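File shown: input.tsv. Contents: TSV, C-alpha atoms.
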```
chain	number	residue	atom	x	y	z
A	1196	MET	CA	1.22	7.14	48.54
A	1197	LYS	CA	3.30	6.57	45.37
A	1198	LYS	CA	2.47	2.86	45.46
A	1199	ILE	CA	-1.25	3.68	45.69
A	1200	ARG	CA	-1.00	6.07	42.72
A	1201	LYS	CA	0.84	3.43	40.68
A	1202	LEU	CA	-1.81	0.83	41.56
A	1203	VAL	CA	-4.62	3.20	40.57
A	1204	ALA	CA	-2.83	3.97	37.29
A	1205	LEU	CA	-2.37	0.25	36.59
A	1206	ILE	CA	-6.04	-0.47	37.26
A	1207	ALA	CA	-7.05	2.43	34.99
A	1208	THR	CA	-4.76	1.16	32.21
A	1209	VAL	CA	-6.16	-2.37	32.45
A	1210	ALA	CA	-9.68	-0.98	32.38
A	1211	VAL	CA	-8.93	0.97	29.20
A	1212	LEU	CA	-7.34	-2.01	27.50
A	1213	THR	CA	-10.10	-4.45	28.41
A	1214	SER	CA	-12.79	-2.08	27.18
A	1215	CYS	CA	-11.16	-1.21	23.86
A	1216	ASP	CA	-12.45	-2.46	20.54
A	1217	GLY	CA	-9.02	-3.38	19.22
A	1218	ILE	CA	-6.53	-6.19	19.52
A	1219	ILE	CA	-6.44	-6.20	23.34
A	1220	GLY	CA	-10.20	-6.55	23.55
A	1221	TYR	CA	-10.08	-9.31	20.94
A	1222	ALA	CA	-7.31	-11.15	22.80
A	1223	ILE	CA	-9.33	-11.04	26.03
A	1224	HIS	CA	-12.38	-12.33	24.16
A	1225	VAL	CA	-10.32	-15.22	22.76
A	1226	GLN	CA	-8.97	-16.02	26.23
A	1227	ARG	CA	-12.52	-16.19	27.58
A	1228	THR	CA	-13.44	-18.64	24.83
A	1229	ASP	CA	-12.38	-22.29	24.96
A	1230	THR	CA	-10.13	-22.21	21.90
A	1231	HIS	CA	-8.91	-25.74	22.61
A	1232	MET	CA	-12.19	-27.20	21.39
A	1233	ARG	CA	-11.23	-29.06	18.22
A	1234	ARG	CA	-12.89	-32.32	17.26
A	1235	TYR	CA	-13.06	-34.04	13.89
A	1236	ASN	CA	-15.09	-37.18	13.19
A	1237	ASP	CA	-15.81	-39.18	10.06
A	1238	ASN	CA	-19.25	-38.35	8.72
A	1239	SER	CA	-20.72	-41.83	9.15
A	1240	GLU	CA	-24.22	-40.65	8.15
A	1241	VAL	CA	-23.32	-40.66	4.44
A	1242	ASP	CA	-22.25	-43.54	2.22
A	1243	ASP	CA	-20.08	-41.43	-0.10
A	1244	ASP	CA	-17.37	-39.48	1.74
A	1245	THR	CA	-16.32	-37.55	-1.37
A	1246	ILE	CA	-16.46	-33.75	-1.47
A	1247	ARG	CA	-17.01	-32.55	-5.02
A	1248	PHE	CA	-15.99	-29.03	-5.97
A	1249	VAL	CA	-16.04	-26.68	-8.93
A	1250	ILE	CA	-13.60	-23.97	-9.95
A	1251	ASN	CA	-15.30	-20.81	-11.12
A	1252	GLU	CA	-13.41	-19.93	-14.30
A	1253	ASN	CA	-14.30	-16.22	-14.02
A	1254	THR	CA	-13.36	-15.56	-10.39
A	1255	HIS	CA	-10.89	-18.47	-9.98
A	1256	GLN	CA	-12.51	-19.59	-6.73
A	1257	MET	CA	-12.68	-23.18	-5.45
A	1258	LEU	CA	-16.30	-23.78	-4.42
A	1259	MET	CA	-17.95	-26.71	-2.65
A	1260	ARG	CA	-21.08	-27.49	-0.61
A	1261	ALA	CA	-20.85	-27.63	3.17
A	1262	GLU	CA	-22.96	-27.07	6.24
A	1263	VAL	CA	-21.59	-24.41	8.58
A	1264	ASN	CA	-23.35	-23.85	11.90
A	1265	GLY	CA	-26.45	-25.60	10.62
A	1266	VAL	CA	-26.71	-23.72	7.30
A	1267	GLU	CA	-25.92	-25.64	4.10
A	1268	ASP	CA	-24.62	-23.48	1.27
A	1269	THR	CA	-21.86	-23.05	-1.29
A	1270	VAL	CA	-18.58	-22.18	0.45
A	1271	LEU	CA	-15.11	-21.15	-0.71
A	1272	TYR	CA	-12.20	-23.43	0.24
A	1273	ASP	CA	-9.22	-21.25	1.14
A	1274	THR	CA	-6.14	-23.14	2.34
A	1275	GLY	CA	-4.43	-19.82	3.00
A	1276	ALA	CA	-6.84	-19.13	5.89
A	1277	ASN	CA	-6.02	-20.71	9.25
A	1278	PRO	CA	-9.46	-20.41	10.94
A	1279	THR	CA	-11.61	-23.50	10.43
A	1280	ALA	CA	-14.27	-21.23	8.96
A	1281	VAL	CA	-14.82	-17.52	8.37
A	1282	LEU	CA	-18.38	-16.17	8.28
A	1283	PHE	CA	-19.27	-12.69	7.03
A	1284	TYR	CA	-21.89	-10.37	8.48
A	1285	SER	CA	-23.14	-6.85	7.85
A	1286	ASP	CA	-24.73	-4.46	10.34
A	1287	GLU	CA	-28.11	-5.78	9.18
A	1288	THR	CA	-27.32	-9.49	9.43
A	1289	LYS	CA	-25.05	-9.75	12.48
A	1290	PRO	CA	-26.51	-11.70	15.44
A	1291	ASP	CA	-27.72	-9.67	18.41
A	1292	GLY	CA	-25.06	-9.22	21.08
A	1293	MET	CA	-22.12	-10.24	18.86
A	1294	LYS	CA	-19.22	-7.86	19.56
A	1295	PHE	CA	-16.58	-7.21	16.94
A	1296	TYR	CA	-12.99	-6.00	17.42
A	1297	LYS	CA	-10.82	-4.15	14.89
A	1298	VAL	CA	-7.65	-6.20	14.57
A	1299	PRO	CA	-5.03	-6.89	11.86
A	1300	ILE	CA	-5.63	-10.06	9.85
A	1301	ASN	CA	-2.52	-11.55	8.28
A	1302	GLY	CA	-3.80	-12.12	4.75
A	1303	ALA	CA	-2.38	-11.73	1.25
A	1304	ASP	CA	-1.94	-7.99	1.71
A	1305	LYS	CA	0.14	-8.12	4.89
A	1306	LYS	CA	-2.07	-7.06	7.80
A	1307	ALA	CA	-5.35	-5.43	6.85
A	1308	LYS	CA	-7.44	-4.33	9.83
A	1309	VAL	CA	-10.95	-5.77	9.88
A	1310	TRP	CA	-13.79	-5.95	12.39
A	1311	THR	CA	-13.75	-9.54	13.61
A	1312	THR	CA	-14.57	-11.82	16.53
A	1313	CYS	CA	-13.89	-15.44	17.52
A	1314	ILE	CA	-16.87	-17.82	17.34
A	1315	PRO	CA	-17.45	-21.59	17.66
A	1316	VAL	CA	-18.14	-23.28	14.33
A	1317	THR	CA	-19.38	-26.71	13.30
A	1318	VAL	CA	-18.53	-27.71	9.74
A	1319	LYS	CA	-20.20	-30.72	8.15
A	1320	THR	CA	-19.13	-32.19	4.80
A	1321	PRO	CA	-19.47	-35.72	3.38
A	1322	MET	CA	-15.87	-36.36	4.48
A	1323	CYS	CA	-16.07	-35.29	8.12
A	1324	VAL	CA	-17.73	-33.24	10.82
A	1325	GLY	CA	-15.48	-30.71	12.54
A	1326	GLU	CA	-16.06	-28.64	15.65
A	1327	ALA	CA	-13.59	-25.86	16.30
A	1328	PHE	CA	-13.35	-22.10	16.50
A	1329	GLY	CA	-13.49	-19.73	13.58
A	1330	ASN	CA	-13.98	-16.05	12.89
A	1331	ALA	CA	-16.91	-13.81	12.10
A	1332	ILE	CA	-16.06	-10.68	10.13
A	1333	LEU	CA	-18.16	-7.53	9.84
A	1334	MET	CA	-18.05	-6.10	6.32
A	1335	GLU	CA	-20.09	-3.97	3.99
A	1336	PRO	CA	-22.41	-6.01	1.73
A	1337	CYS	CA	-20.67	-7.05	-1.49
A	1338	ARG	CA	-21.69	-5.07	-4.58
A	1339	ALA	CA	-19.58	-7.08	-7.03
A	1340	CYS	CA	-20.96	-8.40	-10.32
A	1341	ASP	CA	-21.43	-12.13	-10.93
A	1342	LYS	CA	-18.12	-12.52	-12.79
A	1343	GLU	CA	-16.15	-10.48	-10.26
A	1344	SER	CA	-14.28	-12.00	-7.34
A	1345	ALA	CA	-15.43	-10.81	-3.90
A	1346	ILE	CA	-14.11	-11.90	-0.52
A	1347	ASN	CA	-17.42	-11.81	1.35
A	1348	ARG	CA	-19.64	-13.51	-1.19
A	1349	PHE	CA	-19.16	-16.96	0.37
A	1350	THR	CA	-18.46	-18.38	3.80
A	1351	ILE	CA	-14.81	-19.47	3.80
A	1352	LEU	CA	-13.53	-22.86	4.92
A	1353	GLY	CA	-9.91	-22.58	5.98
A	1354	PHE	CA	-7.14	-25.15	5.60
A	1355	ASN	CA	-8.50	-27.23	8.49
A	1356	GLY	CA	-12.11	-26.69	7.46
A	1357	ILE	CA	-12.53	-30.03	5.71
A	1358	GLY	CA	-10.63	-32.13	8.26
A	1359	ILE	CA	-7.16	-32.85	9.52
A	1360	GLY	CA	-6.66	-36.47	8.46
A	1361	CYS	CA	-5.05	-37.82	5.29
A	1362	TYR	CA	-6.89	-36.91	2.11
A	1363	GLN	CA	-6.46	-36.52	-1.61
A	1364	LEU	CA	-7.04	-33.17	-3.29
A	1365	ASP	CA	-7.83	-34.37	-6.79
A	1366	PHE	CA	-7.93	-31.64	-9.43
A	1367	THR	CA	-8.06	-34.19	-12.25
A	1368	HIS	CA	-11.63	-35.06	-11.21
A	1369	ASN	CA	-12.41	-32.05	-8.97
A	1370	LYS	CA	-13.00	-33.97	-5.75
A	1371	VAL	CA	-11.58	-34.44	-2.25
A	1372	TYR	CA	-11.70	-37.73	-0.32
A	1373	ARG	CA	-10.06	-39.52	2.59
A	1374	MET	CA	-7.43	-42.09	1.80
A	1375	ASP	CA	-5.44	-44.80	3.54
A	1376	ARG	CA	-1.75	-43.91	3.98
A	1377	LYS	CA	-0.85	-47.44	2.84
A	1378	GLU	CA	-2.03	-46.50	-0.66
A	1379	ILE	CA	0.42	-43.63	-1.07
A	1380	ASP	CA	3.44	-45.75	-2.03
A	1381	SER	CA	1.47	-47.46	-4.81
A	1382	LEU	CA	0.50	-44.15	-6.45
A	1383	ALA	CA	2.56	-42.00	-8.80
A	1384	TYR	CA	3.02	-39.20	-6.27
A	1385	LEU	CA	6.29	-37.59	-5.22
A	1386	PRO	CA	6.94	-36.42	-1.66
A	1387	VAL	CA	7.50	-32.66	-1.64
A	1388	LYS	CA	9.15	-30.41	0.88
A	1389	CYS	CA	6.54	-28.77	3.07
A	1390	LYS	CA	5.88	-27.08	6.41
A	1391	PHE	CA	2.71	-27.07	8.51
A	1392	GLU	CA	2.71	-23.91	10.61
A	1393	TYR	CA	0.13	-21.60	12.21
A	1394	GLY	CA	-2.72	-23.69	10.81
A	1395	VAL	CA	-1.64	-23.35	7.16
A	1396	LEU	CA	0.66	-25.16	4.72
A	1397	PHE	CA	3.87	-24.01	3.01
A	1398	VAL	CA	5.48	-25.65	-0.04
A	1399	TYR	CA	8.80	-24.96	-1.80
A	1400	PRO	CA	8.84	-24.49	-5.59
A	1401	THR	CA	12.08	-23.45	-7.29
A	1402	ILE	CA	11.66	-20.12	-9.13
A	1403	ASN	CA	14.41	-19.22	-11.63
A	1404	GLY	CA	16.76	-21.63	-9.87
A	1405	VAL	CA	16.05	-20.47	-6.28
A	1406	GLU	CA	13.89	-22.39	-3.82
A	1407	GLN	CA	11.13	-20.17	-2.41
A	1408	GLU	CA	8.94	-20.78	0.65
A	1409	CYS	CA	5.35	-20.24	-0.51
A	1410	LEU	CA	1.99	-20.35	1.21
A	1411	PHE	CA	-0.27	-23.04	-0.32
A	1412	ASP	CA	-3.29	-20.82	-0.98
A	1413	THR	CA	-6.37	-21.94	-2.90
A	1414	GLY	CA	-7.99	-18.65	-1.91
A	1415	ASN	CA	-5.55	-16.81	-4.18
A	1416	GLY	CA	-7.05	-16.94	-7.65
A	1417	ASN	CA	-3.77	-15.93	-9.26
A	1418	GLY	CA	-0.82	-18.22	-9.90
A	1419	ILE	CA	2.50	-17.61	-8.15
A	1420	LEU	CA	3.21	-14.46	-6.13
A	1421	ILE	CA	6.78	-13.67	-5.04
A	1422	LEU	CA	8.12	-10.60	-3.24
A	1423	ASP	CA	10.24	-8.65	-5.70
A	1424	ALA	CA	13.13	-8.36	-3.22
A	1425	GLN	CA	13.57	-12.16	-3.48
A	1426	ARG	CA	13.50	-12.22	-7.25
A	1427	VAL	CA	16.18	-13.77	-9.43
A	1428	GLU	CA	16.04	-12.24	-12.92
A	1429	ASN	CA	15.34	-14.28	-16.02
A	1430	HIS	CA	16.85	-12.12	-18.76
A	1431	ASN	CA	15.22	-14.06	-21.59
A	1432	GLU	CA	11.79	-12.50	-21.12
A	1433	ASP	CA	10.04	-9.15	-21.22
A	1434	ASP	CA	8.42	-8.00	-17.99
A	1435	LEU	CA	4.99	-6.43	-17.86
A	1436	LEU	CA	4.89	-3.59	-15.30
A	1437	TYR	CA	1.54	-2.87	-13.63
A	1438	GLU	CA	0.31	-0.30	-11.13
A	1439	GLY	CA	-2.66	-0.78	-8.82
A	1440	SER	CA	-4.24	-3.61	-6.85
A	1441	PHE	CA	-3.11	-7.16	-7.62
A	1442	GLY	CA	-6.23	-8.86	-6.25
A	1443	VAL	CA	-8.83	-9.27	-3.52
A	1444	ALA	CA	-7.87	-9.91	0.12
A	1445	MET	CA	-9.65	-10.08	3.47
A	1446	GLY	CA	-9.66	-6.31	3.90
A	1447	GLY	CA	-11.02	-5.70	0.38
A	1448	THR	CA	-8.90	-5.03	-2.70
A	1449	THR	CA	-5.17	-5.12	-2.02
A	1450	LYS	CA	-3.24	-1.87	-1.66
A	1451	LYS	CA	-2.07	0.08	-4.70
A	1452	GLN	CA	1.51	-0.73	-5.64
A	1453	HIS	CA	3.76	-1.52	-8.59
A	1454	PHE	CA	4.19	-5.15	-9.59
A	1455	VAL	CA	5.64	-7.13	-12.46
A	1456	ILE	CA	4.20	-10.09	-14.35
A	1457	ALA	CA	7.06	-12.15	-15.79
A	1458	PRO	CA	5.37	-14.39	-18.39
A	1459	GLN	CA	8.13	-16.98	-18.93
A	1460	THR	CA	9.56	-17.70	-15.49
A	1461	GLU	CA	11.31	-21.04	-14.90
A	1462	VAL	CA	9.38	-23.02	-12.27
A	1463	GLU	CA	10.29	-26.47	-10.88
A	1464	PHE	CA	8.13	-28.46	-8.48
A	1465	ALA	CA	7.35	-32.14	-7.80
A	1466	GLY	CA	9.50	-33.34	-10.69
A	1467	ASN	CA	7.85	-30.92	-13.10
A	1468	SER	CA	9.81	-28.20	-14.94
A	1469	GLU	CA	8.07	-25.56	-17.02
A	1470	THR	CA	7.87	-21.89	-17.86
A	1471	ALA	CA	4.97	-20.13	-16.17
A	1472	PRO	CA	3.87	-16.57	-15.44
A	1473	VAL	CA	4.93	-15.30	-12.01
A	1474	MET	CA	3.85	-12.06	-10.35
A	1475	PHE	CA	6.60	-10.19	-8.48
A	1476	LEU	CA	5.24	-7.67	-5.97
A	1477	GLU	CA	6.99	-4.54	-4.82
A	1478	SER	CA	5.58	-4.65	-1.27
A	1479	ASN	CA	2.53	-5.53	0.86
A	1480	LEU	CA	2.81	-9.29	0.47
A	1481	ALA	CA	2.49	-11.27	3.69
A	1482	ASN	CA	3.95	-14.49	2.23
A	1483	ASN	CA	5.25	-15.74	-1.08
A	1484	ASN	CA	2.30	-17.61	-2.43
A	1485	VAL	CA	1.21	-20.34	-4.84
A	1486	GLY	CA	-2.42	-19.79	-5.80
A	1487	LEU	CA	-5.17	-21.84	-7.35
A	1488	GLN	CA	-4.09	-21.40	-10.97
A	1489	TYR	CA	-0.84	-23.18	-10.14
A	1490	ILE	CA	-2.16	-25.56	-7.46
A	1491	LYS	CA	-4.79	-27.00	-9.81
A	1492	ARG	CA	-2.05	-28.18	-12.18
A	1493	PHE	CA	-1.27	-30.96	-9.67
A	1494	ASP	CA	-3.11	-33.60	-7.67
A	1495	TRP	CA	-2.19	-33.62	-3.98
A	1496	ILE	CA	-2.12	-35.90	-0.96
A	1497	ILE	CA	-2.13	-33.95	2.31
A	1498	ASP	CA	-1.40	-35.84	5.53
A	1499	HIS	CA	-2.07	-33.57	8.49
A	1500	TYR	CA	-1.11	-36.12	11.15
A	1501	LYS	CA	2.35	-36.90	9.76
A	1502	GLU	CA	2.73	-33.40	8.27
A	1503	LYS	CA	3.64	-34.71	4.84
A	1504	VAL	CA	2.56	-33.69	1.35
A	1505	TYR	CA	2.75	-35.54	-1.97
A	1506	ALA	CA	2.03	-34.19	-5.45
A	1507	LYS	CA	1.92	-35.20	-9.11
A	1508	PRO	CA	1.33	-33.03	-12.20
A	1509	HIS	CA	-1.67	-33.91	-14.33
A	1510	VAL	CA	-1.64	-31.31	-17.13
A	1511	ALA	CA	1.00	-30.34	-19.69
A	1512	ASN	CA	-0.22	-26.95	-20.93
A	1513	THR	CA	1.33	-23.83	-19.43
A	1514	MET	CA	-0.62	-21.29	-17.39
A	1515	GLU	CA	-1.76	-18.07	-18.93
A	1516	LEU	CA	-2.55	-14.87	-17.04
A	1517	PRO	CA	-4.83	-12.35	-18.79
A	1518	GLN	CA	-2.53	-9.52	-19.81
A	1519	ARG	CA	-5.13	-6.76	-20.02
A	1520	ARG	CA	-4.11	-3.14	-20.20
A	1521	TYR	CA	-6.66	-2.28	-17.49
A	1522	SER	CA	-8.60	-4.13	-14.80
A	1523	ILE	CA	-11.72	-2.74	-13.19
A	1524	SER	CA	-13.87	-3.23	-10.09
A	1525	THR	CA	-17.44	-2.49	-8.99
A	1526	ALA	CA	-16.76	-3.08	-5.28
A	1527	ASP	CA	-17.79	0.46	-4.23
A	1528	GLY	CA	-20.87	0.54	-6.46
A	1529	THR	CA	-19.09	2.38	-9.27
A	1530	LEU	CA	-17.07	1.18	-12.26
A	1531	ARG	CA	-13.49	2.05	-11.32
A	1532	ILE	CA	-9.98	1.39	-12.68
A	1533	LEU	CA	-8.27	-1.08	-10.34
A	1534	LYS	CA	-4.92	-1.59	-12.13
A	1535	ARG	CA	-3.21	-0.58	-15.35
A	1536	LEU	CA	-0.28	-1.64	-17.51
A	1537	ILE	CA	2.58	0.89	-17.46
A	1538	ASP	CA	4.15	0.99	-20.92
A	1539	GLY	CA	3.97	4.68	-21.93
A	1540	ASN	CA	0.55	4.30	-23.59
A	1541	GLU	CA	-1.66	4.45	-20.51
A	1542	LYS	CA	-4.67	6.74	-20.91
A	1543	PHE	CA	-6.42	6.28	-17.56
A	1544	LYS	CA	-5.22	6.38	-13.96
A	1545	VAL	CA	-5.78	3.88	-11.16
A	1546	GLY	CA	-8.86	5.04	-9.26
A	1547	ASP	CA	-10.54	6.73	-12.25
A	1548	GLN	CA	-14.31	6.18	-12.30
A	1549	ILE	CA	-15.74	5.19	-15.68
A	1550	VAL	CA	-18.93	7.22	-16.13
A	1551	SER	CA	-19.89	6.31	-19.71
A	1552	VAL	CA	-19.02	3.90	-22.52
A	1553	ASN	CA	-19.80	4.76	-26.15
A	1554	GLY	CA	-22.01	7.60	-24.97
A	1555	GLU	CA	-24.10	5.49	-22.58
A	1556	LYS	CA	-24.00	6.55	-18.93
A	1557	ILE	CA	-23.06	3.87	-16.39
A	1558	THR	CA	-26.07	3.12	-14.16
A	1559	GLU	CA	-26.96	0.59	-11.48
A	1560	GLU	CA	-28.89	-1.35	-14.12
A	1561	ASN	CA	-26.10	-1.64	-16.72
A	1562	ILE	CA	-22.93	-1.55	-14.57
A	1563	CYS	CA	-22.44	-5.34	-14.67
A	1564	HIS	CA	-22.97	-5.42	-18.44
A	1565	TYR	CA	-20.17	-2.90	-18.91
A	1566	TYR	CA	-18.01	-4.64	-16.30
A	1567	ASP	CA	-18.25	-7.82	-18.39
A	1568	LEU	CA	-17.66	-5.95	-21.66
A	1569	LEU	CA	-14.57	-4.10	-20.45
A	1570	THR	CA	-13.16	-7.14	-18.62
A	1571	GLU	CA	-13.46	-9.35	-21.68
A	1572	SER	CA	-11.94	-6.68	-23.96
A	1573	LYS	CA	-8.15	-6.61	-23.73
A	1574	ASP	CA	-8.04	-3.59	-26.05
A	1575	TRP	CA	-10.23	-0.57	-25.26
A	1576	SER	CA	-8.97	1.52	-28.18
A	1577	GLY	CA	-12.20	0.99	-30.14
A	1578	LEU	CA	-14.38	2.16	-27.23
A	1579	GLU	CA	-15.29	5.72	-26.29
A	1580	ILE	CA	-14.72	5.80	-22.52
A	1581	GLN	CA	-15.30	8.79	-20.27
A	1582	VAL	CA	-13.89	8.94	-16.72
A	1583	LYS	CA	-13.87	11.35	-13.82
```
Before anything else, please render the file you have as structure tokens.
Amino acid sequence: MKKIRKLVALIATVAVLTSCDGIIGYAIHVQRTDTHMRRYNDNSEVDDDTIRFVINENTHQMLMRAEVNGVEDTVLYDTGANPTAVLFYSDETKPDGMKFYKVPINGADKKAKVWTTCIPVTVKTPMCVGEAFGNAILMEPCRACDKESAINRFTILGFNGIGIGCYQLDFTHNKVYRMDRKEIDSLAYLPVKCKFEYGVLFVYPTINGVEQECLFDTGNGNGILILDAQRVENHNEDDLLYEGSFGVAMGGTTKKQHFVIAPQTEVEFAGNSETAPVMFLESNLANNNVGLQYIKRFDWIIDHYKEKVYAKPHVANTMELPQRRYSISTADGTLRILKRLIDGNEKFKVGDQIVSVNGEKITEENICHYYDLLTESKDWSGLEIQVK
């Protein structure tokens, strides 16, 4: 009788797990899907195999044209994402019968829980055609202004989204193209320490004399992010202490925390030594990270098959991070304080909603105008700002 009760309990437990909308349900869905389907072929239909991209100077996003599941559009190339592609849906746009599961996604902000599912994707670019599996994510429609970064504005191509061969990521001319490995020795590139793991790439810059393992992440529009617990102090500079969200991640804006921007940190990589701003985060950072503002200072050769990376610097000027007293967001349809500088002169709190500027009430029609005005103004002292 005890054995029968145990068997009934086991069957009931399995039934609960298989019917849940969380990670167990998602894992079962993945198991039922042929996740081993991964094929990449040269795109022989085009004469020019070059992918040209632009970097949006406002949102610091790397954008290119690609066809994903038969739809050609502008997409965001995010080497920090391991799915081949990530597509975003709302309740209104999701395909009939597509079931989503609430699971943690290991992004910039540790593990944010999002509604997601595994789907087959076909990605077509001038360089290659890839068939693999990606993710669909259910999110609220983006309300961000044109100059504001938003995670669900574009379909995302992950690290393997443009192919897994040997290619050059050329930020001097803003293009990506296949290359013959025999050419590498004749170019002025240096081999750099790297690691290919879990469908993403890690590189190893030296920060204030200490080598740090960092995710190679073009989806991070900042520069270099390091967990504060791993920091080595540079006593020749003044830190800027901030409170709030440090950026945009898969689950929305990153969690509120304290973080430091150290403007003159010593950084060495690929034979290049310089001082550059580095952000040191108190917590909620999945991986140390080099983002697009640092990545674009080099040209790269990435060889997936041999798991090797080469780099060379192509600019001499140092990076600059905007050191605004406040940053704001319109993600929830209001104009809200997202982060602030902590120096004893702060007037507003993180989370405050700005309701008027110079006596004019913030409305749906003018919210982006005032987002631009306040974002471009480092000093708000000359503005009359009301919050609630």
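With distances restricted to only C-alpha atoms, A:Asp1365 is the closest residue to Asp1494 of chain A from A:Asp1365, A:Glu1378, A:Glu1262, A:Glu1287.
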Give as a PDB file with C-alpha atoms, in the frame of the given file each residue that has an atom at most 7 Å from (-12.4, -20.9, 7.8) in the file, counting all atoms listed in the file.
```
ATOM      1  CA  ALA A1276      -6.840 -19.130   5.890  1.00  0.00           C
ATOM      2  CA  ASN A1277      -6.020 -20.710   9.250  1.00  0.00           C
ATOM      3  CA  PRO A1278      -9.460 -20.410  10.940  1.00  0.00           C
ATOM      4  CA  THR A1279     -11.610 -23.500  10.430  1.00  0.00           C
ATOM      5  CA  ALA A1280     -14.270 -21.230   8.960  1.00  0.00           C
ATOM      6  CA  VAL A1281     -14.820 -17.520   8.370  1.00  0.00           C
ATOM      7  CA  GLY A1329     -13.490 -19.730  13.580  1.00  0.00           C
ATOM      8  CA  ILE A1351     -14.810 -19.470   3.800  1.00  0.00           C
ATOM      9  CA  LEU A1352     -13.530 -22.860   4.920  1.00  0.00           C
ATOM     10  CA  GLY A1353      -9.910 -22.580   5.980  1.00  0.00           C
ATOM     11  CA  GLY A1356     -12.110 -26.690   7.460  1.00  0.00           C
TER      12      GLY A1356
END
```
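In this model, the gap between atom CA of Arg1233 of chain A and atom CA of Glu1326 of chain A comes to 5.5 Å.
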Selection near Glu1555 of chain A, 12 Å with only C-alpha atoms, sequence-local residues under 3 positions removed, as an MDAnalysis selection string:
chainID A and resid 1549:1552 1558 1560:1562 1564:1565 1578:1581
Tell me, as a PyMOL selection string, which residues lie within 10 Å of Leu1333 of chain A, counting all atoms listed in the file; anything in the same chain fewer than 2 positions away does not count.
chain A and resi 1282-1286+1288-1289+1294-1297+1309-1312+1330-1331+1335-1336+1347
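Using all atoms listed in the file, the nearest neighbour of Gln1452 of chain A within the list A:Ile1490, A:Arg1535, A:Gly1404, A:Asp1433 is A:Arg1535.
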I'd like the neighbourhood of Glu1477 of chain A as JSON, numbers by chain, where a residue qualifies if any of its atoms comes within 8 Å (using all atoms listed in the file), though same-chain residues fewer than 4 positions away should be ignored.
{"A": [1422, 1423, 1424, 1452, 1453, 1454]}
Proximity of segment 1276-1362 of chain A to segment 1516-1534 of chain A: per-residue shortest pair, 8 Å limit, all atoms listed in the file, as a tab-separated table:
```
residue	atom	partner	partner_atom	distance
A:Cys1337	CA	A:Ala1526	CA	6.7
A:Arg1338	CA	A:Ala1526	CA	5.4
A:Ala1339	CA	A:Ala1526	CA	5.2
A:Cys1340	CA	A:Thr1525	CA	7.0
A:Glu1343	CA	A:Ser1524	CA	7.6
A:Ala1345	CA	A:Ala1526	CA	8.0
```
Which residues are close to segment 1462-1476 of chain A, i.e. within 8 Å by only C-alpha atoms, leaving aside same-chain residues fewer than 4 positions away? Reply as a PyMOL selection string.
chain A and resi 1385-1387+1399-1404+1418-1423+1426+1452-1458+1480+1506-1508+1513-1516
Could you check which of A:Ile1497, A:Cys1563, A:Leu1271, A:Cys1323 is closest to Ile1250 of chain A, using all atoms listed in the file?
A:Leu1271
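The space separating atom CA of Ser1576 of chain A from atom CA of Gly1439 of chain A comes to 20.5 Å.
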Rank nothing, just name the residue among A:Thr1320, A:Lys1305, A:Gly1486, A:Lys1573 nearest to Ser1239 of chain A, using only C-alpha atoms.
A:Thr1320
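Atom CA of Gly1414 of chain A lies 13.8 Å from atom CA of Thr1449 of chain A.
Nearest to Asp1375 of chain A of all the residues A:Asp1434, A:Asp1243, A:Asp1498, A:Asp1291 is A:Asp1498, based on all atoms listed in the file.
When the distance limit is 8 Å and all atoms listed in the file are what count, the residues near Ile1246 of chain A, minus those fewer than 3 positions from it on the same chain, are A:Met1259, A:Arg1260, A:Thr1320, A:Pro1321, A:Met1322, A:Lys1370, A:Val1371, A:Tyr1372.
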Shortest interatomic distance to Asn1369 of chain A - which of A:Thr1448, A:Thr1570, A:Thr1245, A:Asn1415, counting all atoms listed in the file:
A:Thr1245
